[in-house]
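Engineer: My structure is in structure-v9.cif, and what it holds is mmCIF, C-alpha atoms:
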```cif
data_work
loop_
_atom_site.label_atom_id
_atom_site.label_comp_id
_atom_site.auth_asym_id
_atom_site.auth_seq_id
_atom_site.Cartn_x
_atom_site.Cartn_y
_atom_site.Cartn_z
CA MET A 627 63.05 98.02 106.11
CA THR A 628 60.08 95.81 106.95
CA ALA A 629 58.41 94.57 110.10
CA PRO A 630 59.23 90.99 111.19
CA LYS A 631 57.22 88.10 109.77
CA PHE A 632 56.10 85.31 112.08
CA THR A 633 55.22 81.69 111.35
CA THR A 634 53.68 79.53 114.07
CA LEU A 635 53.78 75.73 114.07
CA GLY A 636 52.07 73.55 116.66
CA CYS A 637 49.82 74.27 119.60
CA ARG A 638 47.60 77.09 120.77
CA LEU A 639 50.16 78.06 123.40
CA ASN A 640 52.71 78.60 120.64
CA ALA A 641 50.21 80.86 118.88
CA TYR A 642 49.74 82.80 122.11
CA GLU A 643 53.48 83.22 122.52
CA THR A 644 53.88 84.33 118.91
CA GLU A 645 51.58 87.26 119.67
CA ALA A 646 53.74 88.13 122.67
CA MET A 647 56.88 87.96 120.52
CA LYS A 648 55.29 90.29 117.97
CA GLU A 649 54.87 92.90 120.69
CA LEU A 650 58.36 92.34 122.11
CA SER A 651 60.07 92.55 118.72
CA GLN A 652 58.06 95.64 117.78
CA GLN A 653 59.02 97.36 121.04
CA ALA A 654 62.67 96.45 120.40
CA GLY A 655 62.57 97.85 116.86
CA LEU A 656 63.52 94.61 115.12
CA GLU A 657 63.14 94.83 111.35
CA ASN A 658 63.61 92.66 108.28
CA ALA A 659 63.46 89.33 110.09
CA VAL A 660 61.52 86.07 109.80
CA ILE A 661 60.73 84.28 113.06
CA VAL A 662 59.67 80.61 113.05
CA ASN A 663 58.03 79.36 116.27
CA THR A 664 58.50 75.59 116.06
CA CYS A 665 56.83 72.49 117.49
CA ALA A 666 58.60 69.34 118.72
CA VAL A 667 55.68 67.04 119.49
CA THR A 668 56.73 64.49 116.82
CA SER A 669 59.65 63.87 114.48
CA GLU A 670 57.29 64.90 111.69
CA ALA A 671 56.78 68.27 113.38
CA VAL A 672 60.54 68.86 113.40
CA ARG A 673 60.79 67.83 109.74
CA LYS A 674 58.02 70.28 108.85
CA ALA A 675 59.82 73.02 110.76
CA ARG A 676 63.00 72.49 108.71
CA GLN A 677 60.93 72.45 105.52
CA GLU A 678 59.18 75.70 106.49
CA ILE A 679 62.49 77.39 107.31
CA ARG A 680 63.90 76.54 103.86
CA LYS A 681 60.76 77.83 102.18
CA LEU A 682 60.81 81.09 104.14
CA ARG A 683 64.49 81.61 103.31
CA ARG A 684 63.74 81.24 99.60
CA GLU A 685 60.84 83.68 99.88
CA ASN A 686 62.79 86.19 102.01
CA PRO A 687 66.42 86.02 100.84
CA GLU A 688 67.41 89.33 102.45
CA ALA A 689 65.73 88.74 105.82
CA ARG A 690 67.36 87.29 108.92
CA VAL A 691 65.84 83.95 109.96
CA ILE A 692 65.32 83.36 113.70
CA VAL A 693 64.16 79.95 114.94
CA THR A 694 62.54 79.46 118.34
CA GLY A 695 59.93 77.25 120.04
CA CYS A 696 60.01 73.70 121.37
CA ALA A 697 62.05 72.15 118.55
CA ALA A 698 64.64 74.92 118.91
CA GLN A 699 64.74 74.23 122.65
CA THR A 700 65.15 70.46 122.34
CA GLU A 701 67.36 70.39 119.23
CA PRO A 702 69.22 73.73 118.98
CA GLU A 703 72.11 72.11 117.15
CA THR A 704 69.80 70.84 114.40
CA PHE A 705 68.69 74.35 113.49
CA ALA A 706 72.01 76.08 114.16
CA ALA A 707 73.57 73.78 111.55
CA MET A 708 71.11 74.92 108.84
CA ASP A 709 72.59 77.40 106.37
CA GLU A 710 69.22 79.17 106.23
CA VAL A 711 69.20 80.00 109.96
CA ASP A 712 70.82 83.11 111.47
CA ALA A 713 69.85 82.63 115.12
CA VAL A 714 68.29 80.06 117.46
CA ILE A 715 66.60 81.14 120.69
CA GLY A 716 65.01 78.98 123.39
CA ASN A 717 61.52 79.01 124.86
CA MET A 718 62.62 81.00 127.89
CA GLU A 719 64.65 83.50 125.89
CA LYS A 720 61.90 84.17 123.34
CA MET A 721 59.72 85.75 126.03
CA GLN A 722 62.39 88.11 127.34
CA PRO A 723 62.56 91.76 126.12
CA ASP A 724 66.37 91.81 126.28
CA THR A 725 66.58 88.99 123.73
CA TRP A 726 64.74 91.06 121.15
CA LYS A 727 66.61 94.25 122.03
CA GLY A 728 69.84 92.38 121.38
CA MET A 729 68.56 91.06 118.06
CA ALA A 730 67.52 94.54 116.96
CA ALA A 731 70.67 96.31 118.17
CA ASP A 732 73.34 94.18 116.55
CA PHE A 733 72.17 90.91 115.16
CA ILE A 734 75.53 89.48 114.13
CA GLY A 735 78.16 91.47 115.99
CA GLN A 736 77.10 91.33 119.63
CA THR A 737 74.32 88.77 119.81
CA GLU A 738 75.06 85.07 120.21
CA SER A 739 73.63 83.08 117.32
CA VAL A 740 72.41 80.35 119.72
CA GLN A 741 70.69 81.43 122.93
CA VAL A 742 69.17 78.33 124.51
CA ASP A 743 69.56 77.82 128.26
CA ASP A 744 68.42 74.98 130.52
CA ILE A 745 64.61 75.14 130.46
CA MET A 746 64.49 72.92 133.57
CA SER A 747 65.98 75.76 135.60
CA VAL A 748 63.04 78.08 134.90
CA THR A 749 60.84 78.56 137.97
CA GLU A 750 58.37 81.22 136.78
CA THR A 751 56.07 81.74 133.84
CA ALA A 752 57.02 84.53 131.48
CA GLY A 753 55.95 87.90 132.80
CA HIS A 754 54.84 89.13 129.40
CA LEU A 755 51.06 88.93 129.11
CA ILE A 756 49.04 89.83 126.04
CA ASP A 757 45.46 91.00 125.89
CA GLY A 758 44.01 88.42 123.56
CA PHE A 759 44.73 87.41 119.98
CA GLY A 760 43.04 85.92 116.98
CA THR A 761 39.43 86.89 116.44
CA ARG A 762 37.77 89.68 118.34
CA SER A 763 35.36 87.15 119.83
CA ARG A 764 37.60 84.89 121.89
CA ALA A 765 40.76 85.55 123.89
CA TYR A 766 43.29 83.06 125.20
CA VAL A 767 44.99 83.47 128.56
CA GLN A 768 48.05 81.43 129.45
CA VAL A 769 47.81 80.42 133.11
CA GLN A 770 50.38 77.63 133.19
CA ASN A 771 53.47 76.39 131.36
CA GLY A 772 55.63 73.28 131.47
CA CYS A 773 54.91 69.76 132.72
CA ASP A 774 56.13 67.67 135.67
CA HIS A 775 55.03 64.36 134.16
CA ARG A 776 57.13 62.13 131.93
CA CYS A 777 54.87 60.23 129.57
CA THR A 778 57.06 57.85 127.60
CA PHE A 779 55.99 59.18 124.16
CA CYS A 780 56.37 62.88 124.96
CA ILE A 781 59.29 65.27 124.44
CA ILE A 782 57.37 68.40 125.48
CA PRO A 783 58.64 68.67 129.11
CA TYR A 784 62.14 69.02 127.67
CA GLY A 785 60.94 71.87 125.48
CA ARG A 786 58.78 73.59 128.09
CA GLY A 787 60.42 72.77 131.41
CA ASN A 788 58.74 71.90 134.69
CA SER A 789 55.23 73.04 135.55
CA ARG A 790 54.80 76.62 136.73
CA SER A 791 51.69 78.69 137.28
CA VAL A 792 50.57 82.28 136.82
CA PRO A 793 49.16 83.58 140.14
CA ALA A 794 45.37 83.83 140.27
CA GLY A 795 45.39 87.58 140.87
CA VAL A 796 47.41 88.17 137.71
CA VAL A 797 45.03 85.96 135.71
CA VAL A 798 41.94 87.74 137.06
CA ASP A 799 43.39 91.19 136.29
CA GLN A 800 44.15 90.17 132.72
CA ILE A 801 40.68 88.75 132.17
CA LYS A 802 39.14 91.97 133.52
CA ARG A 803 41.13 93.90 130.90
CA LEU A 804 39.93 91.54 128.17
CA VAL A 805 36.29 91.96 129.20
CA ASP A 806 36.76 95.74 129.23
CA LYS A 807 38.04 95.46 125.66
CA GLY A 808 34.85 93.68 124.62
CA TYR A 809 35.81 90.00 124.59
CA ASN A 810 32.85 87.73 125.34
CA GLU A 811 34.80 84.51 125.83
CA VAL A 812 38.10 83.69 127.50
CA VAL A 813 39.92 80.36 127.16
CA LEU A 814 42.41 79.26 129.84
CA THR A 815 45.43 77.58 128.27
CA GLY A 816 48.55 75.76 129.43
CA VAL A 817 50.73 72.75 128.72
CA ASP A 818 49.34 70.74 131.67
CA LEU A 819 46.41 72.86 132.76
CA THR A 820 45.17 70.70 135.63
CA SER A 821 48.56 71.02 137.35
CA TRP A 822 47.90 74.75 137.80
CA GLY A 823 48.58 75.94 141.32
CA ALA A 824 50.83 73.13 142.56
CA ASP A 825 53.82 75.51 142.71
CA LEU A 826 51.90 78.43 144.27
CA PRO A 827 51.45 79.22 147.99
CA ALA A 828 48.61 77.13 149.53
CA MET A 829 48.71 74.94 146.37
CA PRO A 830 45.31 75.93 144.90
CA LYS A 831 43.67 73.79 142.22
CA LEU A 832 42.35 74.66 138.77
CA GLY A 833 38.79 74.59 140.12
CA ASP A 834 39.73 77.29 142.64
CA LEU A 835 40.99 79.46 139.79
CA VAL A 836 37.84 78.90 137.71
CA ILE A 837 35.52 79.78 140.62
CA ARG A 838 37.60 82.85 141.46
CA ILE A 839 37.49 84.13 137.88
CA LEU A 840 33.73 83.69 137.61
CA LYS A 841 33.18 85.39 140.97
CA LEU A 842 35.55 88.34 140.47
CA VAL A 843 34.76 88.96 136.78
CA PRO A 844 30.94 88.88 136.81
CA ASP A 845 30.75 90.60 133.40
CA LEU A 846 32.58 87.75 131.63
CA PRO A 847 29.88 85.93 129.63
CA ARG A 848 31.80 82.73 128.80
CA LEU A 849 34.80 80.95 130.29
CA ARG A 850 36.29 77.93 128.57
CA ILE A 851 39.10 75.62 129.64
CA SER A 852 41.30 73.86 127.11
CA SER A 853 42.88 70.41 127.28
CA ILE A 854 42.86 68.81 130.73
CA ASP A 855 44.03 65.59 132.37
CA SER A 856 40.81 64.15 133.77
CA ILE A 857 42.53 62.19 136.56
CA GLU A 858 43.70 65.52 138.06
CA VAL A 859 40.31 67.25 138.05
CA ASP A 860 39.49 68.57 141.54
CA GLU A 861 36.20 68.83 143.43
CA ASN A 862 35.82 72.56 142.88
CA LEU A 863 36.14 72.15 139.13
CA MET A 864 33.42 69.50 139.23
CA GLN A 865 31.30 71.88 141.31
CA ALA A 866 31.84 74.61 138.72
CA ILE A 867 30.82 72.22 135.93
CA ALA A 868 27.60 71.50 137.83
CA THR A 869 26.66 75.03 138.88
CA GLU A 870 28.34 77.63 136.67
CA GLN A 871 26.49 78.17 133.40
CA ARG A 872 29.18 80.61 132.26
CA LEU A 873 31.70 77.74 132.26
CA MET A 874 31.25 76.22 128.82
CA PRO A 875 30.09 72.57 128.61
CA HIS A 876 33.00 71.34 126.51
CA LEU A 877 36.13 69.60 127.79
CA HIS A 878 39.06 68.31 125.77
CA LEU A 879 40.59 65.31 127.54
CA SER A 880 44.15 64.02 127.33
CA LEU A 881 43.19 60.33 127.22
CA GLN A 882 45.76 58.97 124.70
CA HIS A 883 44.55 55.35 124.77
CA GLY A 884 41.78 52.98 125.83
CA ASP A 885 43.78 49.97 126.99
CA ASP A 886 45.17 49.69 130.52
CA LEU A 887 48.42 47.95 129.55
CA ILE A 888 49.23 50.55 126.90
CA LEU A 889 48.32 53.37 129.31
CA LYS A 890 50.81 51.92 131.81
CA ARG A 891 53.49 51.67 129.11
CA MET A 892 52.76 55.28 128.18
CA LYS A 893 53.24 56.11 131.90
CA ARG A 894 49.83 57.74 132.06
CA ARG A 895 48.29 58.23 135.51
CA HIS A 896 44.79 57.01 134.70
CA LEU A 897 43.24 53.73 133.61
CA ARG A 898 40.40 53.10 131.18
CA ASP A 899 37.74 52.97 133.92
CA ASP A 900 38.96 56.29 135.34
CA ALA A 901 38.23 58.00 132.03
CA ILE A 902 34.78 56.42 131.74
CA ARG A 903 33.93 57.29 135.34
CA PHE A 904 34.94 60.93 134.84
CA THR A 905 32.90 61.42 131.66
CA GLU A 906 29.85 59.78 133.21
CA GLU A 907 30.09 62.00 136.28
CA ALA A 908 30.56 65.17 134.23
CA LYS A 909 27.52 64.27 132.10
CA LYS A 910 25.41 63.72 135.21
CA LEU A 911 26.41 67.14 136.50
CA ARG A 912 25.98 68.83 133.10
CA PRO A 913 23.91 66.76 130.65
CA GLU A 914 24.82 68.97 127.66
CA MET A 915 28.57 68.39 128.22
CA THR A 916 30.57 67.33 125.16
CA PHE A 917 34.06 65.88 125.11
CA GLY A 918 37.01 66.03 122.80
CA ALA A 919 40.02 63.78 123.30
CA ASP A 920 43.56 63.06 122.14
CA ILE A 921 44.10 59.42 121.16
CA ILE A 922 47.32 57.88 119.85
CA ALA A 923 47.12 55.03 117.32
CA GLY A 924 49.95 52.53 116.99
CA PHE A 925 51.90 53.06 120.21
CA PRO A 926 54.73 50.47 120.46
CA THR A 927 53.49 46.97 121.45
CA GLU A 928 49.88 47.89 120.55
CA THR A 929 48.01 44.81 119.34
CA GLU A 930 44.70 44.76 117.51
CA ALA A 931 42.99 43.92 120.81
CA HIS A 932 44.63 46.91 122.51
CA PHE A 933 43.55 49.13 119.65
CA GLU A 934 39.97 47.83 119.82
CA ASN A 935 39.85 49.11 123.39
CA SER A 936 40.64 52.61 122.11
CA MET A 937 37.85 52.26 119.55
CA LYS A 938 35.43 51.19 122.28
CA LEU A 939 36.53 54.02 124.54
CA VAL A 940 35.20 56.56 122.02
CA GLN A 941 31.67 55.31 122.66
CA ASP A 942 32.15 54.38 126.31
CA CYS A 943 33.16 57.99 127.06
CA ASP A 944 30.75 59.45 124.48
CA LEU A 945 33.58 61.38 122.82
CA THR A 946 32.60 63.80 120.07
CA TRP A 947 35.71 65.63 118.87
CA LEU A 948 38.70 63.31 118.32
CA HIS A 949 42.26 64.45 117.79
CA VAL A 950 43.85 61.29 116.39
CA PHE A 951 47.65 61.06 116.41
CA PRO A 952 49.37 58.28 114.46
CA TYR A 953 52.26 57.30 116.73
CA SER A 954 55.52 58.86 115.56
CA LYS A 955 58.82 57.65 116.96
CA ARG A 956 60.38 60.61 118.76
CA PRO A 957 64.14 60.33 119.46
CA GLY A 958 64.93 61.09 123.08
CA THR A 959 61.76 59.50 124.47
CA PRO A 960 61.57 56.10 126.24
CA ALA A 961 58.89 54.88 123.81
CA ALA A 962 61.30 55.25 120.90
CA ARG A 963 63.54 52.62 122.51
CA ILE A 964 60.79 49.98 122.84
CA PRO A 965 61.76 47.11 120.48
CA GLN A 966 58.21 46.21 119.38
CA GLN A 967 57.40 49.19 117.17
CA VAL A 968 54.16 48.90 115.18
CA ASN A 969 54.37 48.75 111.38
CA GLY A 970 53.80 52.14 109.76
CA ASN A 971 51.02 50.93 107.47
CA VAL A 972 49.22 49.38 110.45
CA ILE A 973 49.51 52.70 112.30
CA LYS A 974 48.00 54.59 109.35
CA ASP A 975 45.15 52.09 109.07
CA ARG A 976 44.32 52.29 112.77
CA ALA A 977 44.45 56.09 112.76
CA ALA A 978 42.07 56.13 109.77
CA ARG A 979 39.65 53.78 111.58
CA LEU A 980 39.68 56.01 114.65
CA ARG A 981 38.99 59.07 112.51
CA THR A 982 36.07 57.25 110.85
CA ILE A 983 34.44 56.47 114.18
CA GLY A 984 35.13 60.07 115.18
CA GLU A 985 33.26 61.30 112.12
CA THR A 986 30.32 59.09 113.10
CA GLN A 987 30.31 60.63 116.58
CA VAL A 988 30.34 64.17 115.17
CA SER A 989 27.45 63.35 112.83
CA ALA A 990 25.40 61.99 115.72
CA HIS A 991 26.12 65.09 117.81
CA LEU A 992 25.14 67.43 114.98
CA ALA A 993 21.88 65.57 114.35
CA GLN A 994 20.95 65.85 118.03
CA GLN A 995 21.22 69.66 117.90
CA ILE A 996 18.52 70.23 115.25
CA GLY A 997 15.62 72.13 116.79
CA LYS A 998 17.60 73.10 119.90
CA THR A 999 18.31 76.71 120.81
CA HIS A 1000 21.93 77.71 121.36
CA ASN A 1001 23.83 80.78 122.45
CA ILE A 1002 26.34 81.20 119.63
CA LEU A 1003 29.51 83.28 119.81
CA MET A 1004 30.19 84.78 116.37
CA GLU A 1005 33.78 84.28 115.19
CA ASN A 1006 33.06 86.09 111.93
CA PRO A 1007 29.84 87.41 110.32
CA ASN A 1008 28.98 84.01 108.84
CA MET A 1009 30.18 81.50 111.47
CA GLY A 1010 29.96 81.10 115.22
CA ARG A 1011 30.29 78.39 117.85
CA THR A 1012 27.83 76.99 120.35
CA GLU A 1013 28.60 76.52 124.03
CA GLN A 1014 29.84 73.01 123.09
CA PHE A 1015 32.25 74.48 120.51
CA THR A 1016 30.20 73.26 117.54
CA GLU A 1017 30.43 75.41 114.41
CA VAL A 1018 27.23 77.10 113.19
CA ALA A 1019 26.94 78.60 109.71
CA PHE A 1020 24.67 81.62 109.11
CA THR A 1021 23.12 82.73 105.84
CA THR A 1022 22.29 86.14 107.33
CA PRO A 1023 25.47 87.93 108.53
CA GLN A 1024 25.77 88.57 112.27
CA ILE A 1025 28.00 90.91 114.26
CA GLU A 1026 31.45 89.42 114.92
CA GLY A 1027 32.17 88.96 118.61
CA GLN A 1028 28.53 89.04 119.68
CA ILE A 1029 26.61 86.19 121.31
CA VAL A 1030 23.37 85.48 119.45
CA THR A 1031 20.59 83.11 120.49
CA LYS A 1032 19.32 81.02 117.58
CA SER A 1033 17.45 77.82 116.91
CA ILE A 1034 19.37 75.20 114.91
CA LEU A 1035 17.68 74.56 111.57
CA GLY A 1036 19.82 71.82 110.07
CA VAL A 1037 23.25 70.37 109.32
CA THR A 1038 25.57 71.21 106.42
CA GLY A 1039 28.67 69.01 106.30
CA THR A 1040 30.36 69.32 109.69
CA GLN A 1041 28.50 72.52 110.63
CA LEU A 1042 25.13 73.31 112.07
CA SER A 1043 23.05 75.88 110.24
CA ALA A 1044 20.93 78.66 111.75
#
```
Kindly transcribe the structure held in the file into structure tokens.
Structural biologist:
Amino acid sequence: MTAPKFTTLGCRLNAYETEAMKELSQQAGLENAVIVNTCAVTSEAVRKARQEIRKLRRENPEARVIVTGCAAQTEPETFAAMDEVDAVIGNMEKMQPDTWKGMAADFIGQTESVQVDDIMSVTETAGHLIDGFGTRSRAYVQVQNGCDHRCTFCIIPYGRGNSRSVPAGVVVDQIKRLVDKGYNEVVLTGVDLTSWGADLPAMPKLGDLVIRILKLVPDLPRLRISSIDSIEVDENLMQAIATEQRLMPHLHLSLQHGDDLILKRMKRRHLRDDAIRFTEEAKKLRPEMTFGADIIAGFPTETEAHFENSMKLVQDCDLTWLHVFPYSKRPGTPAARIPQQVNGNVIKDRAARLRTIGETQVSAHLAQQIGKTHNILMENPNMGRTEQFTEVAFTTPQIEGQIVTKSILGVTGTQLSA
């Protein structure tokens, strides 16, 4: 018998939860199984999940195939109908020890092949916490799950449920354990990170959590926050950006578009000027701040003039790291029902143009770093990342997990060299 094999598709939170499932399945004694943790963000993501499942079945003909994740939550019937699939479990069920005990005890006889309940009824985050994953340099801590917003292009709330937060004390205790284990950087993750605290007593904000972590875990060298909604950023988070050097000067923004009409049709809560105002303020408070951003190309009704506003936004907000998403019609979302869908070839062309301007922005950022001194967290002996999350290549091996202070000598491709 063999230990379960895991495949993760999609976001960092999925990767985090895969690590939790590894522990849960190991504790339950599950053997000879393949678990696919799926993504539902686009129709293409669901297609890739089905493709991956078929491939894994061919490669593991004797193993039991279990499908979970957001696509399993939103479309359980799609995966249950696949001959290759033995069981489908939802996002709530995948984090529960009893689910895995049932799978291990009697996979076919006593365990339902489809275990997917109403994710909207979940009121707490999963209690299972893991002490880091991935490299020994950086650990990820889930502090929030779900989303209360209903952007017209997005299916994720129906895969993740409503927003719910991990209490600050639990987060602080976990980060203390990670620091004791030698981690030098912790990243706070969630589906809608800036909504953290809204469901907790006294309704604290993300900035309160950040300040509390930095105060109560003084030995933590670096704290990083992942994707945020800039319109929800609170005063304490801005204060932390201005005053806390251990909070890394890199923010990934959920912007999605640069045109006000399209933003309204997306049901976003910010306008173009809100995004520009936020980035300008953050740069004033922390001049070395860099920004990444999600931008969708080809949203329904998008004209060339609308798209040009997204192109201009890249420079107006001084964005460095772009995540460009060609719009993909997602059944079950309001945007999929809009009659004026953009031609697929036009979408591809616009996405390519956005990526080109993104490459220009990265090149400019890299050139500006030559001669500067950075504190670099080593992800492996030959590569680390600066405070702004820029990759640095080393010719002389360094110690993985350590923070080294080096002057930047040059640029090689999309990496700095030291």
Engineer: Choose the residue, out of A:Thr1012, A:Thr869, A:Ser651, A:Gln741, that has the smallest atom-to-atom separation from Ala706 (chain A); count only C-alpha atoms.
Structural biologist: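 Among the listed residues, A:Gln741 lies closest to Ala706 (chain A).
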Engineer: Selected by the PyMOL selection byres ((chain A and resi 891) around 10) in the shown coordinates: which residues, as a list of chain:residue names?
Structural biologist: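 This file gives the following for the PyMOL selection byres ((chain A and resi 891) around 10): A:Cys777, A:Thr778, A:Phe779, A:Asp886, A:Leu887, A:Ile888, A:Leu889, A:Lys890, A:Met892, A:Lys893, A:Arg894, A:Phe925, A:Pro926, A:Thr927, A:Pro960, A:Ala961, A:Ile964.
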Engineer: So what do you get for CA of Phe917 (chain A) versus CA of His878 (chain A), distance-wise?
Structural biologist: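 For CA of Phe917 (chain A) relative to CA of His878 (chain A), the distance reads 5.6 Å.
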Engineer: Please evaluate the PyMOL selection byres ((chain A and resi 1044) around 7) against the structure above and give the resulting residues as a PDB file with C-alpha atoms, in the coordinates of the input.
Structural biologist:
```
ATOM      1  CA  VAL A1018      27.230  77.100 113.190  1.00  0.00           C
ATOM      2  CA  ALA A1019      26.940  78.600 109.710  1.00  0.00           C
ATOM      3  CA  PHE A1020      24.670  81.620 109.110  1.00  0.00           C
ATOM      4  CA  LYS A1032      19.320  81.020 117.580  1.00  0.00           C
ATOM      5  CA  SER A1033      17.450  77.820 116.910  1.00  0.00           C
ATOM      6  CA  ILE A1034      19.370  75.200 114.910  1.00  0.00           C
ATOM      7  CA  LEU A1035      17.680  74.560 111.570  1.00  0.00           C
ATOM      8  CA  LEU A1042      25.130  73.310 112.070  1.00  0.00           C
ATOM      9  CA  SER A1043      23.050  75.880 110.240  1.00  0.00           C
TER      10      SER A1043
END
```
Engineer: Would you compute the distance between CA of Gly884 (chain A) and CA of Arg776 (chain A)? Give it in Å to one decimal.
Structural biologist: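 Between these atoms lies a distance of 18.9 Å.
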Engineer: Carefully work through the PyMOL selection byres ((chain A and resi 1008) around 12) for this structure and note down the residues it includes, as a count of residues only.
Structural biologist: 25
Engineer: Find the residue from A:Leu873, A:Leu656, A:Ala689, A:Ile857 that sits nearest to Ala731 (chain A); use only C-alpha atoms when measuring.
Structural biologist: A:Leu656
Engineer: Go through A:Leu945, A:Glu710, A:Arg981, A:Thr820 and flag the residue nearest Arg684 (chain A), using only C-alpha atoms for the distances.
Structural biologist: A:Glu710
Engineer: Using only C-alpha atoms - which residues lie no farther than 12 Å from the point (49.5, 49.8, 109.5) in the file's frame? Write them as a ChimeraX atom specification.
Structural biologist: /A:923-925,928-930,933,952-953,967-979
Engineer: In terms of the shortest atom-to-atom distance over all atoms listed in the file, which of A:His775, A:Ile782, A:Pro830, A:Val812 is closest to Ala794 (chain A)?
Structural biologist: A:Pro830
Engineer: List the spatial neighbours of Asp799 (chain A) as a list in words - criterion: any atom at most 10 Å away, all atoms listed in the file, same-chain residues fewer than 6 positions off excluded.
Structural biologist: Ile839, Leu842 and Val843 of chain A
Engineer: Give me the residues near Ile801 (chain A) as a PyMOL selection string, where near means some atom within 9 Å (using all atoms listed in the file) and where sequence neighbours in that chain fewer than 3 positions away do not count.
Structural biologist: chain A and resi 757+765+767+796-798+804-806+812+839+843+846
Engineer: Output C-alpha atoms for every residue in that selection, as a PDB file, keeping the file's coordinate frame.
Structural biologist:
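This is the output file out11.pdb:
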```pdb
ATOM      1  CA  ASP A 757      45.460  91.000 125.890  1.00  0.00           C
ATOM      2  CA  ALA A 765      40.760  85.550 123.890  1.00  0.00           C
ATOM      3  CA  VAL A 767      44.990  83.470 128.560  1.00  0.00           C
ATOM      4  CA  VAL A 796      47.410  88.170 137.710  1.00  0.00           C
ATOM      5  CA  VAL A 797      45.030  85.960 135.710  1.00  0.00           C
ATOM      6  CA  VAL A 798      41.940  87.740 137.060  1.00  0.00           C
ATOM      7  CA  LEU A 804      39.930  91.540 128.170  1.00  0.00           C
ATOM      8  CA  VAL A 805      36.290  91.960 129.200  1.00  0.00           C
ATOM      9  CA  ASP A 806      36.760  95.740 129.230  1.00  0.00           C
ATOM     10  CA  VAL A 812      38.100  83.690 127.500  1.00  0.00           C
ATOM     11  CA  ILE A 839      37.490  84.130 137.880  1.00  0.00           C
ATOM     12  CA  VAL A 843      34.760  88.960 136.780  1.00  0.00           C
ATOM     13  CA  LEU A 846      32.580  87.750 131.630  1.00  0.00           C
TER      14      LEU A 846
END
```
Engineer: Could you check which of A:Gln871, A:Thr982, A:Gln768, A:Gln699 is closest to Val740 (chain A), using all atoms listed in the file?
Structural biologist: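 Residue with the minimum atom-to-atom distance to Val740 (chain A): A:Gln699.
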Engineer: Calculate how many Å separate CA of His876 (chain A) from CA of Asn810 (chain A), rounding to one decimal.
Structural biologist: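 If I compute the distance from CA of His876 (chain A) to CA of Asn810 (chain A), I get 16.4 Å.
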Engineer: Which residues of region 801-869 of chain A have any atom within 12 Å of an atom in region 634-640 of chain A when counting all atoms listed in the file, and what is the closest pair of atoms for each, with the distance in Å to one decimal? Order the rows by chain and rising number and write it as CSV.
Structural biologist:
```
residue,atom,partner,partner_atom,distance
A:Val813,CA,A:Arg638,CA,10.5
A:Leu814,CA,A:Leu639,CA,10.1
A:Thr815,CA,A:Leu639,CA,6.8
A:Gly816,CA,A:Leu639,CA,6.7
A:Val817,CA,A:Leu639,CA,7.5
A:Asp818,CA,A:Leu639,CA,11.1
A:Leu819,CA,A:Leu639,CA,11.3
A:Ser852,CA,A:Arg638,CA,9.5
A:Ser853,CA,A:Arg638,CA,10.5
```
Engineer: Between A:Asn658, A:Thr694, A:Ser763, A:Thr1038, which is the closest to Arg848 (chain A) once you count only C-alpha atoms?
Structural biologist: A:Ser763
Engineer: Give me, as a PDB file with C-alpha atoms, keeping the file's coordinate frame, all polymer residues having an atom no more than 10 Å from Glu861 (chain A), counting all atoms listed in the file and skipping those fewer than 6 positions away in the same chain.
Structural biologist:
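As a result, out-v3.pdb now contains:
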```pdb
ATOM      1  CA  LYS A 831      43.670  73.790 142.220  1.00  0.00           C
ATOM      2  CA  LEU A 832      42.350  74.660 138.770  1.00  0.00           C
ATOM      3  CA  GLY A 833      38.790  74.590 140.120  1.00  0.00           C
ATOM      4  CA  ASP A 834      39.730  77.290 142.640  1.00  0.00           C
ATOM      5  CA  ILE A 867      30.820  72.220 135.930  1.00  0.00           C
TER       6      ILE A 867
END
```
